[in-house]
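Following: one structure in structure tokens, then a few remarks.
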2 protein chains.
Amino acid sequence: MNDETARSWAYLAAVAEPPCASLIALVDELGPVDAATAIRRRSVPDAHRAVLAVTEARAATDTAVGDMERCAETGARLVTRDDADWPTWQLLALDRAETAQRGGAPLALWVRGPASLTAVADAAIALVGSRASSAYGEHVARDMAGGLVDQGWAVVSGGAYGIDGAAHRGALGAHGVTAAVLACGIDRDYPSGHAALLAEIAATGLVISEYPPGTGAAKHRFLTRNRLVAALSSAVVVVEAGRRSGAANTAAWAARTGRPLGAVPGPVTSATSVGANAMIADGDAALVADAAAAVSLAAPDGRDHRPEVRSRRTDGLPPDRLRVLEALPARGTSTVDEIAFTAGLPPSEVLAALAALDLAGLVDGVDGAWRLDR
Amino acid sequence: MNDETARSWAYLAAVAEPPCASLIALVDELGPVDAATAIRRRSVPDAHRAVLAVTEARAATDTAVGDMERCAETGARLVTRDDADWPTWQLLALDRAETAQRGGAPLALWVRGPASLTAVADAAIALVGSRASSAYGEHVARDMAGGLVDQGWAVVSGGAYGIDGAAHRGALGAHGVTAAVLACGIDRDYPSGHAALLAEIAATGLVISEYPPGTGAAKHRFLTRNRLVAALSSAVVVVEAGRRSGAANTAAWAARTGRPLGAVPGPVTSATSVGANAMIADGDAALVADAAAAVSLAAPDGRDHRPEVRSRRTDGLPPDRLRVLEALPARGTSTVDEIAFTAGLPPSEVLAALAALDLAGLVDGVDGAWRLDR
């Protein structure tokens with residue numbers, strides 16, 4: 001990536017409050033450099049006029065250089081949709097119609113730490129819960145995070161006090177990888193009492209944010225952040241949640257992104273377990289009693305869902321081909337019509353995508369049906 | 001009931017180890033007096049020869065008079081299948097093929113206490129659980145029993161230490177009706193430490209047993225007893241159970257008798273909640289957090305399932321008519337074919353039963369379909 005491209009991405013990553021579908025559409029069409037120029041000049045193709053309103057407030061204030069400097073000082077980097085380390089497959093879940101309405105895919109992510117974003121997202125389970133947690137909830141979060149690490153999983157959470165913090169600490173204590181997705185810039189220590197914890201996470205895992213350096217936490221950003229916690233994980237487990245808890249929002253994102261949802265039961269006499277127990281009682285969440293149950297939720301086959309697909313370089317694939325690839329079963333074959341139904345694409349497009357995927361060695365045609373190429 | 005009939009019932013209630021389907025079949029055909037005579041004389045109709053083997057050990061030892069005296073001393077009575085206070089409708093669940101194989105309906109029940117057996121069985125919820133309970137489980141059992149009583153339900157349990165005792169005490173503390181189903185004679189204080197509790201239960205509710213006075217508790221009788229706990233209740237809630245608990249057997253009886261099963265979740269760190277949490281995790285039990293949830297399980301419509309049926313005198317109805325009545329929906333109508341399917345009876349028999357039930361004012365024919373007569 002040359003300097004101009006990097007500066008353009010940094011500009012684009014700050015010019016609209018994410019998530020911003022119209023900005024992504026413009027960048028997809030023009031590329032980052034021309035998209036940034038078009039926005040600066042307030043001159044975009046007619047089909048993309050929606051992007052003018054959402055960038056109006058910030059278009060003239062180019063914070064790119066400052067953000068990049070701050071990013072470098074913090075030891076962070078900007079990972080974009082064009083990057084090889086972009087978790088395309090996982091973030092595809094945010095492109096789906098119902099999900100996109102409430103908050104689509106991110107344009108780019110600021111990340112701080114040595115871990116690879118795709119490596120984390122390939123095998124991560126989210127442990128979330130109330131800030132107002134009990135000793136029981138914190139014990140379970142720590143213990144379950146340690147168990148997940150022992151089984152080779154990364155632990156994703158929100159870096160908050162309470163359950164989030166206990167989950168991160170449990171993963172760190174077991175010498176595992178953990179990722180904190182923040183609702184503020186990656187250079188902000190929020191909450192301030194977690195400054196040391198966030199530094200420790202960034203030393204071995206990842207601190208992740210959709211927001212440019214310096215951005216302060218805000219209520220709507222917590223809700224937006226929660227969708228990334230779900231999308232970057234293969235399952236979401238609510239460890240402890242009271243009647244009204246932010247964890248319920250992350251749980252809703254699990255449903256929207258198609259991630260299995262689990263909840264840890266607690267005493268019916270405990271106010272901090274009312275929400276988690278209710279999710280189980282209502283059939284929204286599976287009861288998860290330990291790390292093994294969380295893993296079963298994330299990988300029902302007793303192994304990673306589609307390791308063959310994940311371990312290949314699928315980053316450069318256009319979204320439609322990825323959707324077709326995602327629609328193929330982990331084992332066995334599917335017909336074109338079945339794939340079209342699962343992917344929600346016309347059979348003619350599915351056929352074209354399959355032909356391209358076949359050439360790329362990702363799928364095999366067998367007796368008129370298709371399967372993943374192992 | 002004249003003295004000879006009463007003596008015959010007492011003889012029959014002791015002459016075979018219950019449950020005993022062949023004995024019930026004989027009594028249904030000959031009536032109690034002739035059935036008792038036939039067994040004493042070792043001379044039964046050919047179709048009933050199976051009853052000879054199961055009564056062989058006890059046929060010559062007539063304990064009827066002694067049992068009746070002991071029963072009177074204890075302030076108890078023998079309720080038989082011919083009695084108006086027999087909970088025919090509920091015990092029908094034990095006549096079903098799969099259930100009957102493992103333990104069919106009882107021939108008679110010894111009961112001690114002022115409550116009516118049918119009144120208890122009309123609106124009862126079983127709260128069961130481990131003898132090795134925690135303070136948490138006992139607290140929840142007491143609290144939930146009190147809540148059930150407040151909503152007009154009786155609490156059925158097994159009179160054991162731990163959760164059973166806490167459930168009985170919670171019901172008594174709320175001035176409600178509770179019934180203890182024992183695995184020994186109603187005159188035996190088992191466990192001995194519950195002598196005062198059983199006396200208290202018998203003072204306002206019911207102590208129930210299938211076994212004649214003086215019978216000692218035995219392992220197989222606990223399992224046999226558990227089927228009555230489930231059958232006499234509209235739902236079974238496991239309050240606390242470890243990995244291996246007798247509560248699992250009662251839970252299995254809930255499934256066999258078609259009673260909804262609930263379980264109270266507990267800390268995943270608590271050995272005494274492992275069984276209850278597992279029942280929820282495996283989808284065998286609904287998560288029940290309070291008395292209201294237990295009531296919803298027992299009466300999903302927010303009220304008693306079929307109060308119209310229950311409040312009528314259905315005791316004298318032959319089993320087939322009861323099955324037809326039971327197969328009708330609480331609201332709306334069913335066709336003869338639908339009723340036949342639900343009841344598992346040929347349409348011709350269903351039609352005959354419906355005609356009789358119509359005459360008795362229990363059902364209405366509407367536009368070629370049938371509904372309960374309100």
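Chains: A, B, ... in order of the structure tokens. Residues: from 1 per chain. Ligands: from 1, in order shown.
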
### Message
Residues of chain B within 7 Å of chain A, counting only C-alpha atoms - could you list those as a ChimeraX atom specification?
### Response
/B:265-268,280-281,286-287,289

For the residues in the current selection, export C-alpha atoms as a short mmCIF file (atom, residue, chain, number, x, y, z; two decimals), in the first residue's frame.
```
data_model
loop_
_atom_site.label_atom_id
_atom_site.label_comp_id
_atom_site.auth_asym_id
_atom_site.auth_seq_id
_atom_site.Cartn_x
_atom_site.Cartn_y
_atom_site.Cartn_z
CA PRO B 265 -31.08 -23.66 37.09
CA GLY B 266 -28.26 -23.22 39.52
CA PRO B 267 -24.65 -22.12 39.55
CA VAL B 268 -22.58 -24.12 37.06
CA ILE B 280 -32.25 -27.84 30.70
CA ALA B 281 -29.16 -27.97 28.46
CA ALA B 286 -37.81 -26.08 30.64
CA LEU B 287 -35.94 -23.56 32.75
CA ALA B 289 -37.09 -19.60 37.64
#
```

### Task
Please provide the set of residues having any atom within 12 Å of Ala195 of chain A, restricted to only C-alpha atoms, with same-chain residues fewer than 5 positions apart removed, written as a PyMOL selection string.
chain A and resi 159-161+165+186-190+200-202+207

### Message
Residues near Ser43 of chain B, anyone? I mean within 12 Å using only C-alpha atoms, not counting same-chain ones fewer than 3 positions away, as a ChimeraX atom specification.
### Response
/B:26,34-40,46-53,55-56,59

For the residues in that selection, give me N, CA and C atoms as a PDB file, in the first residue's frame.
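So the final result, stored in again-v6.pdb, reads:
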```pdb
ATOM      1  N   LEU B  26     -58.208 -58.542  36.755  1.00  0.00           N
ATOM      2  CA  LEU B  26     -59.115 -59.493  37.407  1.00  0.00           C
ATOM      3  C   LEU B  26     -60.211 -58.764  38.190  1.00  0.00           C
ATOM      4  N   ASP B  34     -65.472 -61.010  44.492  1.00  0.00           N
ATOM      5  CA  ASP B  34     -65.229 -62.269  43.773  1.00  0.00           C
ATOM      6  C   ASP B  34     -63.762 -62.426  43.390  1.00  0.00           C
ATOM      7  N   ALA B  35     -63.093 -61.298  43.101  1.00  0.00           N
ATOM      8  CA  ALA B  35     -61.673 -61.380  42.761  1.00  0.00           C
ATOM      9  C   ALA B  35     -60.878 -61.864  43.968  1.00  0.00           C
ATOM     10  N   ALA B  36     -61.192 -61.319  45.151  1.00  0.00           N
ATOM     11  CA  ALA B  36     -60.489 -61.743  46.372  1.00  0.00           C
ATOM     12  C   ALA B  36     -60.750 -63.220  46.646  1.00  0.00           C
ATOM     13  N   THR B  37     -61.986 -63.646  46.473  1.00  0.00           N
ATOM     14  CA  THR B  37     -62.333 -65.057  46.700  1.00  0.00           C
ATOM     15  C   THR B  37     -61.574 -65.953  45.725  1.00  0.00           C
ATOM     16  N   ALA B  38     -61.548 -65.547  44.462  1.00  0.00           N
ATOM     17  CA  ALA B  38     -60.882 -66.351  43.438  1.00  0.00           C
ATOM     18  C   ALA B  38     -59.391 -66.496  43.744  1.00  0.00           C
ATOM     19  N   ILE B  39     -58.764 -65.402  44.213  1.00  0.00           N
ATOM     20  CA  ILE B  39     -57.325 -65.468  44.515  1.00  0.00           C
ATOM     21  C   ILE B  39     -57.075 -66.346  45.736  1.00  0.00           C
ATOM     22  N   ARG B  40     -57.902 -66.177  46.756  1.00  0.00           N
ATOM     23  CA  ARG B  40     -57.757 -67.011  47.961  1.00  0.00           C
ATOM     24  C   ARG B  40     -57.874 -68.483  47.608  1.00  0.00           C
ATOM     25  N   ASP B  46     -59.485 -68.568  33.161  1.00  0.00           N
ATOM     26  CA  ASP B  46     -58.279 -68.885  32.389  1.00  0.00           C
ATOM     27  C   ASP B  46     -57.549 -67.655  31.865  1.00  0.00           C
ATOM     28  N   ALA B  47     -58.322 -66.654  31.437  1.00  0.00           N
ATOM     29  CA  ALA B  47     -57.705 -65.447  30.867  1.00  0.00           C
ATOM     30  C   ALA B  47     -56.873 -64.699  31.909  1.00  0.00           C
ATOM     31  N   HIS B  48     -57.078 -65.023  33.179  1.00  0.00           N
ATOM     32  CA  HIS B  48     -56.406 -64.273  34.250  1.00  0.00           C
ATOM     33  C   HIS B  48     -55.387 -65.108  35.015  1.00  0.00           C
ATOM     34  N   ARG B  49     -54.913 -66.184  34.402  1.00  0.00           N
ATOM     35  CA  ARG B  49     -54.016 -67.099  35.120  1.00  0.00           C
ATOM     36  C   ARG B  49     -52.726 -66.400  35.570  1.00  0.00           C
ATOM     37  N   ALA B  50     -52.354 -65.313  34.884  1.00  0.00           N
ATOM     38  CA  ALA B  50     -51.122 -64.602  35.253  1.00  0.00           C
ATOM     39  C   ALA B  50     -51.171 -64.099  36.693  1.00  0.00           C
ATOM     40  N   VAL B  51     -52.379 -63.872  37.193  1.00  0.00           N
ATOM     41  CA  VAL B  51     -52.508 -63.309  38.532  1.00  0.00           C
ATOM     42  C   VAL B  51     -52.105 -64.321  39.613  1.00  0.00           C
ATOM     43  N   LEU B  52     -52.139 -65.597  39.276  1.00  0.00           N
ATOM     44  CA  LEU B  52     -51.807 -66.621  40.283  1.00  0.00           C
ATOM     45  C   LEU B  52     -50.352 -66.517  40.735  1.00  0.00           C
ATOM     46  N   ALA B  53     -49.458 -66.343  39.764  1.00  0.00           N
ATOM     47  CA  ALA B  53     -48.034 -66.274  40.116  1.00  0.00           C
ATOM     48  C   ALA B  53     -47.733 -65.054  40.981  1.00  0.00           C
ATOM     49  N   THR B  55     -49.607 -63.425  42.951  1.00  0.00           N
ATOM     50  CA  THR B  55     -50.249 -63.415  44.266  1.00  0.00           C
ATOM     51  C   THR B  55     -49.871 -64.642  45.093  1.00  0.00           C
ATOM     52  N   GLU B  56     -49.058 -65.507  44.512  1.00  0.00           N
ATOM     53  CA  GLU B  56     -48.778 -66.797  45.162  1.00  0.00           C
ATOM     54  C   GLU B  56     -48.201 -66.640  46.573  1.00  0.00           C
ATOM     55  N   ALA B  59     -51.122 -64.884  48.947  1.00  0.00           N
ATOM     56  CA  ALA B  59     -52.549 -65.198  48.858  1.00  0.00           C
ATOM     57  C   ALA B  59     -53.100 -65.795  50.145  1.00  0.00           C
TER      58      ALA B  59
END
```

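Residues with any atom within 9 Å of Ala248 of chain B, counting only C-alpha atoms and excluding same-chain neighbours fewer than 3 positions away, are Gly129, Val238, Ala241, Arg244, Ser245, Ala251, Ala252, Trp253, Gly275, Ala276 and Met279 of chain B.
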
### Task
Give the alpha helix (DSSP H) residues of segment 309-374 of chain A, as DSSP finds them on the backbone, and put them as a PyMOL selection string.
chain A and resi 309-311+319-327+336-343+347-359

### Spatial neighbours of Leu372 of chain B, max dist 7 Å, only C-alpha atoms, sep filter under 4 positions, as JSON, numbers by chain
{"B": [328, 362, 363, 364]}

What would the file look like if the residues just selected were written as a PDB file, in the first residue's frame with N, CA and C atoms?
```pdb
ATOM      1  N   LEU B 328     -60.114 -34.204  23.550  1.00  0.00           N
ATOM      2  CA  LEU B 328     -60.716 -32.967  23.021  1.00  0.00           C
ATOM      3  C   LEU B 328     -59.883 -31.767  23.438  1.00  0.00           C
ATOM      4  N   LEU B 362     -71.337 -33.749  28.545  1.00  0.00           N
ATOM      5  CA  LEU B 362     -69.914 -33.408  28.649  1.00  0.00           C
ATOM      6  C   LEU B 362     -69.339 -32.871  27.345  1.00  0.00           C
ATOM      7  N   VAL B 363     -69.968 -33.226  26.202  1.00  0.00           N
ATOM      8  CA  VAL B 363     -69.476 -32.722  24.919  1.00  0.00           C
ATOM      9  C   VAL B 363     -70.651 -32.229  24.074  1.00  0.00           C
ATOM     10  N   ASP B 364     -70.310 -31.432  23.067  1.00  0.00           N
ATOM     11  CA  ASP B 364     -71.291 -30.890  22.131  1.00  0.00           C
ATOM     12  C   ASP B 364     -70.859 -31.208  20.706  1.00  0.00           C
TER      13      ASP B 364
END
```

#### Entry: segment 118-123 of chain B surroundings by only C-alpha atoms, 9 Å radius, close-in-sequence under 4 positions cut, as a list of chain:residue names
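Returned residues: B:Ala84, B:Asp85, B:Trp86, B:Pro87, B:Thr88, B:Gln90, B:Gly152, B:Trp153, B:Ala154, B:Val155, B:Val156, B:Val177, B:Thr178, B:Ala179, B:Gly205, B:Leu206, B:Ala231, B:Leu232, B:Ser233, B:Ser234, B:Ala298, B:Asp304, B:Pro307, B:Arg310, B:Ser311.
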
Write the residues of the preceding selection, restricted to N, CA and C atoms, as a CSV table (one decimal), in the first residue's frame.
```csv
chain,number,residue,atom,x,y,z
B,84,ALA,N,-65.3,-42.6,44.6
B,84,ALA,CA,-65.6,-41.3,44.0
B,84,ALA,C,-64.4,-40.4,44.1
B,85,ASP,N,-63.5,-40.6,45.1
B,85,ASP,CA,-62.3,-39.8,45.3
B,85,ASP,C,-61.1,-40.3,44.5
B,86,TRP,N,-61.3,-41.3,43.6
B,86,TRP,CA,-60.2,-41.8,42.8
B,86,TRP,C,-59.9,-40.8,41.7
B,87,PRO,N,-58.6,-40.4,41.5
B,87,PRO,CA,-58.2,-39.4,40.5
B,87,PRO,C,-58.1,-40.2,39.1
B,88,THR,N,-59.2,-40.6,38.6
B,88,THR,CA,-59.2,-41.4,37.4
B,88,THR,C,-58.5,-40.8,36.2
B,90,GLN,N,-56.2,-38.4,36.1
B,90,GLN,CA,-54.8,-38.3,36.2
B,90,GLN,C,-54.1,-39.6,36.1
B,152,GLY,N,-53.0,-21.1,44.4
B,152,GLY,CA,-54.0,-22.1,44.4
B,152,GLY,C,-53.6,-23.5,44.1
B,153,TRP,N,-52.3,-23.8,44.0
B,153,TRP,CA,-51.9,-25.1,43.7
B,153,TRP,C,-51.5,-25.9,44.9
B,154,ALA,N,-51.7,-27.2,44.8
B,154,ALA,CA,-51.1,-28.1,45.9
B,154,ALA,C,-49.7,-28.5,45.4
B,155,VAL,N,-48.9,-28.8,46.4
B,155,VAL,CA,-47.5,-29.2,46.2
B,155,VAL,C,-47.3,-30.7,46.5
B,156,VAL,N,-46.9,-31.5,45.5
B,156,VAL,CA,-46.7,-32.9,45.7
B,156,VAL,C,-45.2,-33.1,45.7
B,177,VAL,N,-52.0,-26.7,50.8
B,177,VAL,CA,-52.1,-28.2,50.8
B,177,VAL,C,-50.9,-28.8,50.1
B,178,THR,N,-50.4,-29.8,50.8
B,178,THR,CA,-49.2,-30.5,50.3
B,178,THR,C,-49.4,-32.0,50.5
B,179,ALA,N,-49.0,-32.8,49.5
B,179,ALA,CA,-49.1,-34.2,49.6
B,179,ALA,C,-47.8,-34.9,49.5
B,205,GLY,N,-53.0,-31.8,54.7
B,205,GLY,CA,-52.9,-32.3,53.3
B,205,GLY,C,-53.1,-33.8,53.2
B,206,LEU,N,-52.2,-34.5,52.6
B,206,LEU,CA,-52.3,-35.9,52.4
B,206,LEU,C,-50.9,-36.6,52.5
B,231,ALA,N,-47.6,-38.7,38.1
B,231,ALA,CA,-49.0,-38.8,37.6
B,231,ALA,C,-50.0,-38.0,38.3
B,232,LEU,N,-49.8,-37.8,39.6
B,232,LEU,CA,-50.7,-37.0,40.4
B,232,LEU,C,-50.5,-35.5,40.3
B,233,SER,N,-49.6,-35.1,39.4
B,233,SER,CA,-49.2,-33.7,39.3
B,233,SER,C,-49.5,-33.2,37.8
B,234,SER,N,-49.7,-31.9,37.7
B,234,SER,CA,-49.9,-31.4,36.3
B,234,SER,C,-48.6,-31.0,35.7
B,298,ALA,N,-47.5,-25.9,33.9
B,298,ALA,CA,-48.6,-26.8,34.3
B,298,ALA,C,-49.9,-26.4,33.6
B,304,ASP,N,-56.1,-23.3,34.4
B,304,ASP,CA,-56.2,-24.7,34.4
B,304,ASP,C,-56.5,-25.3,33.0
B,307,PRO,N,-60.6,-27.1,33.1
B,307,PRO,CA,-61.3,-27.0,34.4
B,307,PRO,C,-62.7,-27.5,34.3
B,310,ARG,N,-62.5,-31.2,34.6
B,310,ARG,CA,-62.1,-31.7,35.9
B,310,ARG,C,-63.1,-31.4,37.0
B,311,SER,N,-63.9,-30.4,36.8
B,311,SER,CA,-64.8,-30.1,37.9
B,311,SER,C,-66.1,-30.9,37.8
```

### Message
Just list as a ChimeraX atom specification whatever in segment 259-341 of chain B DSSP marks as strand (DSSP E).
### Response
/B:261-263,286-287

#### Entry: Shell around segment 100-104 of chain B at 9 Å using only C-alpha atoms, local window under 2 positions removed, as a count of residues only
14

### Query
So, counting only C-alpha atoms, which residue among B:Pro32, B:Pro45, B:Pro329, B:Gly185 is closest to Leu109 of chain B?
B:Gly185

### Summary
Computed gap from atom CA of Gly158 of chain A to atom CA of Val181 of chain A is 5.0 Å

### Task
Calculate how many Å separate atom CA of Glu138 of chain B from atom CA of Asp164 of chain B, rounding to one decimal.
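Separation of atom CA of Glu138 of chain B and atom CA of Asp164 of chain B: 8.7 Å.
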
### Atom-to-atom span, atom CA of Ser296 of chain B and atom CA of Pro260 of chain A, Å
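That distance, rounded to one decimal, is 26.8 Å.
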